[in-house]
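Dropping model.pdb in here (PDB, C-alpha atoms):
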```pdb
ATOM      1  CA  MET Z   1      12.677 174.384 103.283  1.00  0.00           C
ATOM      2  CA  TYR Z   2      13.970 173.253  99.876  1.00  0.00           C
ATOM      3  CA  LYS Z   3      11.983 175.781  97.889  1.00  0.00           C
ATOM      4  CA  ILE Z   4      14.762 175.950  95.350  1.00  0.00           C
ATOM      5  CA  LYS Z   5      15.217 177.302  91.866  1.00  0.00           C
ATOM      6  CA  SER Z   6      15.830 174.205  89.793  1.00  0.00           C
ATOM      7  CA  LYS Z   7      18.539 174.223  87.117  1.00  0.00           C
ATOM      8  CA  THR Z   8      17.092 171.099  85.519  1.00  0.00           C
ATOM      9  CA  LEU Z   9      14.556 169.972  82.934  1.00  0.00           C
ATOM     10  CA  PHE Z  10      12.678 167.597  85.232  1.00  0.00           C
ATOM     11  CA  VAL Z  11      14.796 166.389  88.161  1.00  0.00           C
ATOM     12  CA  GLY Z  12      13.681 168.197  91.298  1.00  0.00           C
ATOM     13  CA  LYS Z  13      10.811 170.072  89.651  1.00  0.00           C
ATOM     14  CA  LYS Z  14       8.655 168.362  92.271  1.00  0.00           C
ATOM     15  CA  ILE Z  15      10.146 168.190  95.772  1.00  0.00           C
ATOM     16  CA  VAL Z  16       8.383 166.444  98.644  1.00  0.00           C
ATOM     17  CA  TYR Z  17       9.905 167.624 101.928  1.00  0.00           C
ATOM     18  CA  LEU Z  18       9.362 165.634 105.122  1.00  0.00           C
ATOM     19  CA  PRO Z  19      10.898 166.869 108.408  1.00  0.00           C
ATOM     20  CA  THR Z  20      11.343 163.221 109.411  1.00  0.00           C
ATOM     21  CA  CYS Z  21      10.409 159.795 108.057  1.00  0.00           C
ATOM     22  CA  GLN Z  22      11.447 156.163 108.313  1.00  0.00           C
ATOM     23  CA  SER Z  23      12.918 155.971 104.817  1.00  0.00           C
ATOM     24  CA  THR Z  24      12.743 158.311 101.833  1.00  0.00           C
ATOM     25  CA  ASN Z  25      12.908 155.247  99.559  1.00  0.00           C
ATOM     26  CA  ASP Z  26       9.766 153.895 101.256  1.00  0.00           C
ATOM     27  CA  GLU Z  27       8.030 157.256 100.882  1.00  0.00           C
ATOM     28  CA  ALA Z  28       8.958 157.352  97.181  1.00  0.00           C
ATOM     29  CA  ALA Z  29       7.612 153.812  96.768  1.00  0.00           C
ATOM     30  CA  ASP Z  30       4.312 154.962  98.285  1.00  0.00           C
ATOM     31  CA  LEU Z  31       4.117 157.765  95.719  1.00  0.00           C
ATOM     32  CA  LEU Z  32       4.643 155.245  92.918  1.00  0.00           C
ATOM     33  CA  ARG Z  33       1.911 152.977  94.298  1.00  0.00           C
ATOM     34  CA  GLN Z  34      -0.441 155.978  94.434  1.00  0.00           C
ATOM     35  CA  GLY Z  35       0.292 156.855  90.820  1.00  0.00           C
ATOM     36  CA  ALA Z  36       1.979 160.092  91.895  1.00  0.00           C
ATOM     37  CA  GLY Z  37       5.535 159.084  91.060  1.00  0.00           C
ATOM     38  CA  ILE Z  38       6.350 161.644  88.385  1.00  0.00           C
ATOM     39  CA  GLU Z  39       9.843 161.163  86.964  1.00  0.00           C
ATOM     40  CA  GLY Z  40      12.260 163.531  88.643  1.00  0.00           C
ATOM     41  CA  THR Z  41      10.335 163.731  91.922  1.00  0.00           C
ATOM     42  CA  VAL Z  42      12.632 164.178  94.934  1.00  0.00           C
ATOM     43  CA  VAL Z  43      11.584 163.033  98.401  1.00  0.00           C
ATOM     44  CA  ILE Z  44      13.894 164.677 100.938  1.00  0.00           C
ATOM     45  CA  THR Z  45      14.041 164.664 104.730  1.00  0.00           C
ATOM     46  CA  ASP Z  46      16.024 166.181 107.563  1.00  0.00           C
ATOM     47  CA  TYR Z  47      16.137 162.853 109.363  1.00  0.00           C
ATOM     48  CA  GLN Z  48      15.209 159.294 108.547  1.00  0.00           C
ATOM     49  CA  THR Z  49      14.837 156.719 111.302  1.00  0.00           C
ATOM     50  CA  ALA Z  50      15.253 153.527 109.253  1.00  0.00           C
ATOM     51  CA  GLY Z  51      17.398 154.409 106.243  1.00  0.00           C
ATOM     52  CA  ARG Z  52      18.839 151.496 104.298  1.00  0.00           C
ATOM     53  CA  GLY Z  53      22.259 151.027 102.707  1.00  0.00           C
ATOM     54  CA  GLN Z  54      23.957 148.376 100.624  1.00  0.00           C
ATOM     55  CA  ARG Z  55      24.219 144.822 102.059  1.00  0.00           C
ATOM     56  CA  GLY Z  56      21.234 145.570 104.320  1.00  0.00           C
ATOM     57  CA  ASN Z  57      23.229 148.072 106.371  1.00  0.00           C
ATOM     58  CA  GLN Z  58      21.629 151.059 108.037  1.00  0.00           C
ATOM     59  CA  TRP Z  59      22.452 154.567 106.866  1.00  0.00           C
ATOM     60  CA  LEU Z  60      22.914 156.656 110.018  1.00  0.00           C
ATOM     61  CA  THR Z  61      22.910 160.448 109.882  1.00  0.00           C
ATOM     62  CA  GLN Z  62      22.441 163.368 112.232  1.00  0.00           C
ATOM     63  CA  ALA Z  63      19.253 165.381 111.804  1.00  0.00           C
ATOM     64  CA  GLY Z  64      19.363 168.394 109.514  1.00  0.00           C
ATOM     65  CA  GLU Z  65      23.067 168.185 108.717  1.00  0.00           C
ATOM     66  CA  ASN Z  66      23.256 166.052 105.577  1.00  0.00           C
ATOM     67  CA  PHE Z  67      21.530 165.126 102.331  1.00  0.00           C
ATOM     68  CA  THR Z  68      19.074 162.281 102.705  1.00  0.00           C
ATOM     69  CA  PHE Z  69      16.746 161.970  99.732  1.00  0.00           C
ATOM     70  CA  SER Z  70      15.293 159.705  97.086  1.00  0.00           C
ATOM     71  CA  LEU Z  71      14.855 160.415  93.396  1.00  0.00           C
ATOM     72  CA  ILE Z  72      12.177 158.749  91.272  1.00  0.00           C
ATOM     73  CA  LEU Z  73      13.237 157.861  87.728  1.00  0.00           C
ATOM     74  CA  ARG Z  74      11.583 155.977  84.871  1.00  0.00           C
ATOM     75  CA  PRO Z  75      14.478 154.333  82.978  1.00  0.00           C
ATOM     76  CA  THR Z  76      12.211 152.225  80.756  1.00  0.00           C
ATOM     77  CA  PHE Z  77      14.918 152.348  78.077  1.00  0.00           C
ATOM     78  CA  LEU Z  78      16.992 149.894  80.166  1.00  0.00           C
ATOM     79  CA  SER Z  79      16.534 146.137  80.339  1.00  0.00           C
ATOM     80  CA  PRO Z  80      17.020 144.284  83.647  1.00  0.00           C
ATOM     81  CA  ALA Z  81      20.450 143.149  82.405  1.00  0.00           C
ATOM     82  CA  GLU Z  82      21.434 146.815  82.018  1.00  0.00           C
ATOM     83  CA  GLN Z  83      20.572 147.892  85.578  1.00  0.00           C
ATOM     84  CA  PHE Z  84      24.165 148.673  86.487  1.00  0.00           C
ATOM     85  CA  ARG Z  85      24.288 151.368  83.820  1.00  0.00           C
ATOM     86  CA  LEU Z  86      21.905 153.428  85.945  1.00  0.00           C
ATOM     87  CA  ASN Z  87      24.200 152.854  88.914  1.00  0.00           C
ATOM     88  CA  ILE Z  88      27.101 154.249  86.889  1.00  0.00           C
ATOM     89  CA  ALA Z  89      25.188 157.362  85.813  1.00  0.00           C
ATOM     90  CA  ILE Z  90      24.017 158.161  89.357  1.00  0.00           C
ATOM     91  CA  SER Z  91      27.496 157.613  90.829  1.00  0.00           C
ATOM     92  CA  LEU Z  92      28.977 159.963  88.231  1.00  0.00           C
ATOM     93  CA  GLY Z  93      26.331 162.578  88.933  1.00  0.00           C
ATOM     94  CA  ILE Z  94      27.374 162.651  92.584  1.00  0.00           C
ATOM     95  CA  TYR Z  95      31.048 162.567  91.601  1.00  0.00           C
ATOM     96  CA  ASP Z  96      30.649 165.553  89.260  1.00  0.00           C
ATOM     97  CA  PHE Z  97      28.930 167.520  92.031  1.00  0.00           C
ATOM     98  CA  LEU Z  98      31.554 166.768  94.678  1.00  0.00           C
ATOM     99  CA  GLU Z  99      34.795 166.837  92.683  1.00  0.00           C
ATOM    100  CA  PRO Z 100      35.019 170.664  92.439  1.00  0.00           C
ATOM    101  CA  LEU Z 101      34.584 170.809  96.226  1.00  0.00           C
ATOM    102  CA  VAL Z 102      36.986 168.096  97.402  1.00  0.00           C
ATOM    103  CA  GLY Z 103      39.399 167.519  94.505  1.00  0.00           C
ATOM    104  CA  GLU Z 104      41.043 164.524  92.893  1.00  0.00           C
ATOM    105  CA  SER Z 105      41.109 162.407  96.052  1.00  0.00           C
ATOM    106  CA  LEU Z 106      37.395 161.766  95.447  1.00  0.00           C
ATOM    107  CA  LYS Z 107      36.657 158.189  94.323  1.00  0.00           C
ATOM    108  CA  ILE Z 108      33.726 155.873  93.616  1.00  0.00           C
ATOM    109  CA  LYS Z 109      34.037 152.671  95.638  1.00  0.00           C
ATOM    110  CA  TRP Z 110      32.357 149.862  93.734  1.00  0.00           C
ATOM    111  CA  PRO Z 111      29.508 149.718  93.286  1.00  0.00           C
ATOM    112  CA  ASN Z 112      28.414 153.224  94.344  1.00  0.00           C
ATOM    113  CA  ASP Z 113      29.882 154.435  97.621  1.00  0.00           C
ATOM    114  CA  ILE Z 114      31.583 157.818  97.557  1.00  0.00           C
ATOM    115  CA  TYR Z 115      35.004 157.961  99.189  1.00  0.00           C
ATOM    116  CA  VAL Z 116      37.694 160.542  99.846  1.00  0.00           C
ATOM    117  CA  GLY Z 117      40.903 158.730 100.676  1.00  0.00           C
ATOM    118  CA  ASN Z 118      39.841 155.795 102.835  1.00  0.00           C
ATOM    119  CA  GLN Z 119      36.812 157.580 104.285  1.00  0.00           C
ATOM    120  CA  LYS Z 120      33.200 157.345 103.192  1.00  0.00           C
ATOM    121  CA  LEU Z 121      31.439 160.560 102.215  1.00  0.00           C
ATOM    122  CA  GLY Z 122      28.201 159.061 100.941  1.00  0.00           C
ATOM    123  CA  GLY Z 123      26.370 156.191  99.340  1.00  0.00           C
ATOM    124  CA  VAL Z 124      23.552 155.168  97.031  1.00  0.00           C
ATOM    125  CA  LEU Z 125      20.831 152.520  97.170  1.00  0.00           C
ATOM    126  CA  ILE Z 126      18.867 151.956  93.956  1.00  0.00           C
ATOM    127  CA  GLU Z 127      15.660 149.910  94.069  1.00  0.00           C
ATOM    128  CA  ASN Z 128      14.295 148.984  90.641  1.00  0.00           C
ATOM    129  CA  SER Z 129      10.825 147.747  89.688  1.00  0.00           C
ATOM    130  CA  LEU Z 130      10.737 145.524  86.611  1.00  0.00           C
ATOM    131  CA  GLN Z 131       7.851 145.067  84.201  1.00  0.00           C
ATOM    132  CA  SER Z 132       7.600 143.449  80.757  1.00  0.00           C
ATOM    133  CA  GLY Z 133      11.356 143.004  80.434  1.00  0.00           C
ATOM    134  CA  ARG Z 134      12.144 146.639  81.257  1.00  0.00           C
ATOM    135  CA  ILE Z 135      12.879 148.757  84.306  1.00  0.00           C
ATOM    136  CA  GLU Z 136       9.485 150.353  84.936  1.00  0.00           C
ATOM    137  CA  SER Z 137      10.711 152.640  87.720  1.00  0.00           C
ATOM    138  CA  ALA Z 138      13.774 153.244  89.861  1.00  0.00           C
ATOM    139  CA  ILE Z 139      13.998 154.751  93.323  1.00  0.00           C
ATOM    140  CA  VAL Z 140      17.462 156.229  93.846  1.00  0.00           C
ATOM    141  CA  GLY Z 141      18.248 156.719  97.520  1.00  0.00           C
ATOM    142  CA  ILE Z 142      21.174 159.073  98.165  1.00  0.00           C
ATOM    143  CA  GLY Z 143      22.906 159.880 101.435  1.00  0.00           C
ATOM    144  CA  LEU Z 144      25.734 162.439 101.500  1.00  0.00           C
ATOM    145  CA  ASN Z 145      27.505 163.721 104.602  1.00  0.00           C
ATOM    146  CA  ILE Z 146      27.600 167.500 104.315  1.00  0.00           C
ATOM    147  CA  ASN Z 147      27.798 169.310 107.678  1.00  0.00           C
ATOM    148  CA  GLN Z 148      28.098 166.472 110.200  1.00  0.00           C
ATOM    149  CA  ILE Z 149      31.366 166.517 112.186  1.00  0.00           C
ATOM    150  CA  LEU Z 150      30.934 163.659 114.686  1.00  0.00           C
ATOM    151  CA  PHE Z 151      30.683 160.064 113.454  1.00  0.00           C
ATOM    152  CA  GLU Z 152      30.430 156.642 115.054  1.00  0.00           C
ATOM    153  CA  SER Z 153      32.911 155.275 112.508  1.00  0.00           C
ATOM    154  CA  GLU Z 154      36.404 156.634 111.933  1.00  0.00           C
ATOM    155  CA  ARG Z 155      35.985 155.769 108.254  1.00  0.00           C
ATOM    156  CA  ALA Z 156      33.229 158.371 107.775  1.00  0.00           C
ATOM    157  CA  THR Z 157      33.761 161.976 106.771  1.00  0.00           C
ATOM    158  CA  SER Z 158      31.823 164.982 105.460  1.00  0.00           C
ATOM    159  CA  LEU Z 159      32.251 168.023 103.263  1.00  0.00           C
ATOM    160  CA  ARG Z 160      32.564 170.188 106.352  1.00  0.00           C
ATOM    161  CA  VAL Z 161      35.324 168.016 107.820  1.00  0.00           C
ATOM    162  CA  LEU Z 162      37.181 167.965 104.512  1.00  0.00           C
ATOM    163  CA  THR Z 163      36.901 171.650 103.647  1.00  0.00           C
ATOM    164  CA  SER Z 164      36.454 173.342 107.068  1.00  0.00           C
ATOM    165  CA  LYS Z 165      33.356 175.075 105.687  1.00  0.00           C
ATOM    166  CA  GLU Z 166      29.699 174.901 106.680  1.00  0.00           C
ATOM    167  CA  TYR Z 167      27.236 174.565 103.805  1.00  0.00           C
ATOM    168  CA  SER Z 168      23.641 175.488 103.044  1.00  0.00           C
ATOM    169  CA  LEU Z 169      21.865 172.279 102.040  1.00  0.00           C
ATOM    170  CA  ALA Z 170      19.248 174.213 100.077  1.00  0.00           C
ATOM    171  CA  GLY Z 171      22.046 176.123  98.373  1.00  0.00           C
ATOM    172  CA  LEU Z 172      23.867 172.946  97.285  1.00  0.00           C
ATOM    173  CA  LEU Z 173      20.848 170.931  96.173  1.00  0.00           C
ATOM    174  CA  PRO Z 174      20.265 172.578  92.757  1.00  0.00           C
ATOM    175  CA  ASP Z 175      23.838 171.822  91.638  1.00  0.00           C
ATOM    176  CA  LEU Z 176      23.600 168.224  92.822  1.00  0.00           C
ATOM    177  CA  LEU Z 177      20.300 167.648  91.017  1.00  0.00           C
ATOM    178  CA  SER Z 178      21.706 169.265  87.871  1.00  0.00           C
ATOM    179  CA  CYS Z 179      24.701 166.894  87.877  1.00  0.00           C
ATOM    180  CA  LEU Z 180      22.445 163.891  88.422  1.00  0.00           C
ATOM    181  CA  GLU Z 181      20.180 164.888  85.544  1.00  0.00           C
ATOM    182  CA  LYS Z 182      23.093 165.571  83.181  1.00  0.00           C
ATOM    183  CA  ASN Z 183      24.495 162.061  83.622  1.00  0.00           C
ATOM    184  CA  TYR Z 184      21.042 160.454  83.516  1.00  0.00           C
ATOM    185  CA  LEU Z 185      20.385 162.166  80.180  1.00  0.00           C
ATOM    186  CA  LEU Z 186      23.718 160.858  78.869  1.00  0.00           C
ATOM    187  CA  LEU Z 187      22.513 157.396  79.858  1.00  0.00           C
ATOM    188  CA  ARG Z 188      19.139 157.935  78.211  1.00  0.00           C
ATOM    189  CA  ASN Z 189      20.931 159.033  75.034  1.00  0.00           C
ATOM    190  CA  LYS Z 190      22.968 155.791  75.094  1.00  0.00           C
ATOM    191  CA  HIS Z 191      26.409 157.226  75.868  1.00  0.00           C
ATOM    192  CA  PHE Z 192      27.206 153.977  77.633  1.00  0.00           C
ATOM    193  CA  ASP Z 193      30.882 153.721  76.735  1.00  0.00           C
ATOM    194  CA  THR Z 194      31.622 157.309  77.776  1.00  0.00           C
ATOM    195  CA  LEU Z 195      29.928 156.802  81.137  1.00  0.00           C
ATOM    196  CA  LYS Z 196      31.701 153.508  81.807  1.00  0.00           C
ATOM    197  CA  THR Z 197      35.103 154.992  80.930  1.00  0.00           C
ATOM    198  CA  ARG Z 198      34.574 157.893  83.344  1.00  0.00           C
ATOM    199  CA  TYR Z 199      33.333 155.513  86.044  1.00  0.00           C
ATOM    200  CA  LEU Z 200      36.508 153.440  85.783  1.00  0.00           C
ATOM    201  CA  GLN Z 201      38.656 156.581  85.846  1.00  0.00           C
ATOM    202  CA  GLY Z 202      37.105 157.520  89.189  1.00  0.00           C
ATOM    203  CA  LEU Z 203      37.023 154.002  90.636  1.00  0.00           C
ATOM    204  CA  PHE Z 204      38.483 153.476  94.098  1.00  0.00           C
ATOM    205  CA  ARG Z 205      41.665 151.338  94.055  1.00  0.00           C
ATOM    206  CA  TYR Z 206      41.439 150.831  90.288  1.00  0.00           C
ATOM    207  CA  GLN Z 207      44.423 148.892  88.914  1.00  0.00           C
ATOM    208  CA  GLU Z 208      46.121 148.895  92.321  1.00  0.00           C
ATOM    209  CA  LEU Z 209      47.132 145.772  94.239  1.00  0.00           C
ATOM    210  CA  HIS Z 210      45.231 145.566  97.546  1.00  0.00           C
ATOM    211  CA  LEU Z 211      43.941 143.086 100.084  1.00  0.00           C
ATOM    212  CA  PHE Z 212      40.324 141.924  99.944  1.00  0.00           C
ATOM    213  CA  GLN Z 213      38.312 139.439 101.967  1.00  0.00           C
ATOM    214  CA  ARG Z 214      36.096 136.578 100.813  1.00  0.00           C
ATOM    215  CA  ASP Z 215      34.539 133.963 103.092  1.00  0.00           C
ATOM    216  CA  GLU Z 216      36.689 135.281 105.961  1.00  0.00           C
ATOM    217  CA  LYS Z 217      39.855 134.669 103.943  1.00  0.00           C
ATOM    218  CA  LEU Z 218      42.207 137.417 102.793  1.00  0.00           C
ATOM    219  CA  PHE Z 219      43.555 137.559  99.260  1.00  0.00           C
ATOM    220  CA  ALA Z 220      45.486 140.045  97.113  1.00  0.00           C
ATOM    221  CA  GLY Z 221      43.798 141.348  93.985  1.00  0.00           C
ATOM    222  CA  MET Z 222      43.855 144.143  91.451  1.00  0.00           C
ATOM    223  CA  ILE Z 223      40.601 145.692  90.205  1.00  0.00           C
ATOM    224  CA  MET Z 224      40.644 145.661  86.401  1.00  0.00           C
ATOM    225  CA  GLY Z 225      37.127 146.782  85.514  1.00  0.00           C
ATOM    226  CA  ILE Z 226      33.455 145.806  85.530  1.00  0.00           C
ATOM    227  CA  ASN Z 227      31.361 143.727  83.164  1.00  0.00           C
ATOM    228  CA  GLU Z 228      27.926 144.592  81.767  1.00  0.00           C
ATOM    229  CA  MET Z 229      26.216 142.984  84.761  1.00  0.00           C
ATOM    230  CA  GLY Z 230      28.147 145.250  87.120  1.00  0.00           C
ATOM    231  CA  GLN Z 231      30.351 142.471  88.469  1.00  0.00           C
ATOM    232  CA  LEU Z 232      33.806 143.546  89.589  1.00  0.00           C
ATOM    233  CA  ALA Z 233      36.614 142.165  87.424  1.00  0.00           C
ATOM    234  CA  MET Z 234      39.715 141.461  89.489  1.00  0.00           C
ATOM    235  CA  GLN Z 235      43.083 139.961  88.683  1.00  0.00           C
ATOM    236  CA  VAL Z 236      43.835 137.319  91.305  1.00  0.00           C
ATOM    237  CA  GLU Z 237      46.967 135.176  90.927  1.00  0.00           C
ATOM    238  CA  ASN Z 238      47.185 135.906  87.193  1.00  0.00           C
ATOM    239  CA  LYS Z 239      43.530 134.988  86.637  1.00  0.00           C
ATOM    240  CA  LEU Z 240      40.626 137.339  85.896  1.00  0.00           C
ATOM    241  CA  VAL Z 241      37.877 136.654  88.423  1.00  0.00           C
ATOM    242  CA  TYR Z 242      34.423 138.280  88.572  1.00  0.00           C
ATOM    243  CA  PHE Z 243      32.735 139.096  91.881  1.00  0.00           C
ATOM    244  CA  ASP Z 244      29.153 139.977  92.788  1.00  0.00           C
ATOM    245  CA  LEU Z 245      28.339 142.697  95.316  1.00  0.00           C
ATOM    246  CA  LYS Z 246      28.121 140.563  98.452  1.00  0.00           C
ATOM    247  CA  GLU Z 247      30.982 138.220  97.611  1.00  0.00           C
ATOM    248  CA  ILE Z 248      33.914 140.338  98.751  1.00  0.00           C
ATOM    249  CA  SER Z 249      34.784 143.181 101.086  1.00  0.00           C
ATOM    250  CA  TYR Z 250      37.580 145.707 101.025  1.00  0.00           C
ATOM    251  CA  VAL Z 251      40.373 145.534 103.577  1.00  0.00           C
ATOM    252  CA  PHE Z 252      41.558 148.905 104.921  1.00  0.00           C
TER     253      PHE Z 252
END
```
Encoded form using structure tokens:
Amino acid sequence: MYKIKSKTLFVGKKIVYLPTCQSTNDEAADLLRQGAGIEGTVVITDYQTAGRGQRGNQWLTQAGENFTFSLILRPTFLSPAEQFRLNIAISLGIYDFLEPLVGESLKIKWPNDIYVGNQKLGGVLIENSLQSGRIESAIVGIGLNINQILFESERATSLRVLTSKEYSLAGLLPDLLSCLEKNYLLLRNKHFDTLKTRYLQGLFRYQELHLFQRDEKLFAGMIMGINEMGQLAMQVENKLVYFDLKEISYVF
């Protein structure tokens, strides 16, 4: 499985396929510790038993129906303060892959969840290793719902649910890896402003007044952008307030 013809320069040239594992991010970390973490290596599985998401959440998926993989990158051109730029590039890579399939209702929910309407289609977890003031390596964990049709949460969806089509995972993977590499190369070539502009254009609830929750209290706010640290800039009662990842949650 996943013996694909790559459309890329380096992303996906080496694919490690595991029928099942605890976490593809953990498997990728093992490769890095062994000195086998070549940039562009993809560790992919049919089913992971202990996948991780943002905020320490689990990423639950049905076996063999979705994309669950990790990508090893070496963004040594980024400083620790620039980590969110990698987040932007990866989110846009996924966005570029999915947008032709699902249309303009596709959005990036800050920081890097993938939504269609008010339903989650996928997510990203990036784990960076820092050394000498630079990002020495990054493990990019990606989960995308492709063929699954039954979910524990009503806020989850998949490509199959959205399009009424069943997909070949091996057939889709080359296009996804190509989109990821294209945006990563834009990042490497320092097209920061272009990437940030596109990220904001695709941002979920951007410049719309909505309810959010902080410390169990509801408040109305309007997302206005992000700063260089990746904090969310929000207009709250005529003031611009910046929030970190775990400070607020969206109200649906």
Hey, what comes out of the PyMOL selection byres ((chain Z and resi 127) around 9) on this file? Could you write it as a VMD selection string? chain Z and resid 25 125 to 126 128 to 129 137 to 141
Mind listing whatever residues come within 12 Å of the point (8.1, 149.8, 78.7)? Use only C-alpha atoms, file coordinates, and give them as a compact mmCIF listing (two decimals) with C-alpha atoms, keeping the file's coordinate frame.
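File produced: selection.txt:
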```
# COMPACT_ATOMS: atom_id res chain seq x y z
CA ARG Z 74 11.58 155.98 84.87
CA PRO Z 75 14.48 154.33 82.98
CA THR Z 76 12.21 152.22 80.76
CA PHE Z 77 14.92 152.35 78.08
CA LEU Z 78 16.99 149.89 80.17
CA SER Z 79 16.53 146.14 80.34
CA PRO Z 80 17.02 144.28 83.65
CA SER Z 129 10.82 147.75 89.69
CA LEU Z 130 10.74 145.52 86.61
CA GLN Z 131 7.85 145.07 84.20
CA SER Z 132 7.60 143.45 80.76
CA GLY Z 133 11.36 143.00 80.43
CA ARG Z 134 12.14 146.64 81.26
CA ILE Z 135 12.88 148.76 84.31
CA GLU Z 136 9.48 150.35 84.94
CA SER Z 137 10.71 152.64 87.72
```
Shell of 7 Å around Z:Gly123, only C-alpha atoms, local chain residues under 4 positions omitted, as a PyMOL selection string: chain Z and resi 112-114+142-144
Output file for the residues above (C-alpha atoms, as a PDB file, keeping the file's coordinate frame):
```pdb
ATOM      1  CA  ASN Z 112      28.414 153.224  94.344  1.00  0.00           C
ATOM      2  CA  ASP Z 113      29.882 154.435  97.621  1.00  0.00           C
ATOM      3  CA  ILE Z 114      31.583 157.818  97.557  1.00  0.00           C
ATOM      4  CA  ILE Z 142      21.174 159.073  98.165  1.00  0.00           C
ATOM      5  CA  GLY Z 143      22.906 159.880 101.435  1.00  0.00           C
ATOM      6  CA  LEU Z 144      25.734 162.439 101.500  1.00  0.00           C
TER       7      LEU Z 144
END
```
Contact residues around Z:Asn118 with only C-alpha atoms at 12 Å, ignoring same-chain residues under 3 positions, as an mmCIF file with C-alpha atoms, in the coordinates of the input:
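Result went into part_17.cif, see below:
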```
data_model
loop_
_atom_site.group_PDB
_atom_site.id
_atom_site.type_symbol
_atom_site.label_atom_id
_atom_site.label_comp_id
_atom_site.auth_asym_id
_atom_site.auth_seq_id
_atom_site.Cartn_x
_atom_site.Cartn_y
_atom_site.Cartn_z
ATOM 1 C CA SER Z 105 41.109 162.407 96.052
ATOM 2 C CA LEU Z 106 37.395 161.766 95.447
ATOM 3 C CA LYS Z 107 36.657 158.189 94.323
ATOM 4 C CA ILE Z 108 33.726 155.873 93.616
ATOM 5 C CA LYS Z 109 34.037 152.671 95.638
ATOM 6 C CA ASP Z 113 29.882 154.435 97.621
ATOM 7 C CA ILE Z 114 31.583 157.818 97.557
ATOM 8 C CA TYR Z 115 35.004 157.961 99.189
ATOM 9 C CA LEU Z 121 31.439 160.560 102.215
ATOM 10 C CA SER Z 153 32.911 155.275 112.508
ATOM 11 C CA GLU Z 154 36.404 156.634 111.933
ATOM 12 C CA ARG Z 155 35.985 155.769 108.254
ATOM 13 C CA ALA Z 156 33.229 158.371 107.775
ATOM 14 C CA THR Z 157 33.761 161.976 106.771
ATOM 15 C CA PHE Z 204 38.483 153.476 94.098
ATOM 16 C CA ARG Z 205 41.665 151.338 94.055
ATOM 17 C CA TYR Z 250 37.580 145.707 101.025
ATOM 18 C CA VAL Z 251 40.373 145.534 103.577
ATOM 19 C CA PHE Z 252 41.558 148.905 104.921
#
```
Take the point (48.9, 136.0, 89.7) in the file's coordinates, draw a sphere of radius 10 Å around it, and report as an MDAnalysis selection string every protein, DNA or RNA residue with an atom inside or on it, counting all atoms listed in the file. chainID Z and resid 220:222 235:240
Contacts of stretch 169-183 of chain Z within 10 Å, only C-alpha atoms, excl. fewer than 4 positions in-chain, as a PyMOL selection string: chain Z and resi 1-13+40+42+64-67+71+86+88-98+146-147+187-189+191+195
Atom-to-atom span, atom CA of Z:Val124 and atom CA of Z:Phe243, Å: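 Rounded to one decimal, the two atoms are 19.2 Å apart.
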Provide the atom CA of Z:Thr194 to atom CA of Z:Val102 distance in Å, to one decimal place.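 Computed distance, atom CA of Z:Thr194 to atom CA of Z:Val102, equals 23.0 Å.
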In Å, how far is it from atom CA of Z:Gly230 to atom CA of Z:Gln207?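 Straight-line distance from atom CA of Z:Gly230 to atom CA of Z:Gln207 works out to 16.8 Å.
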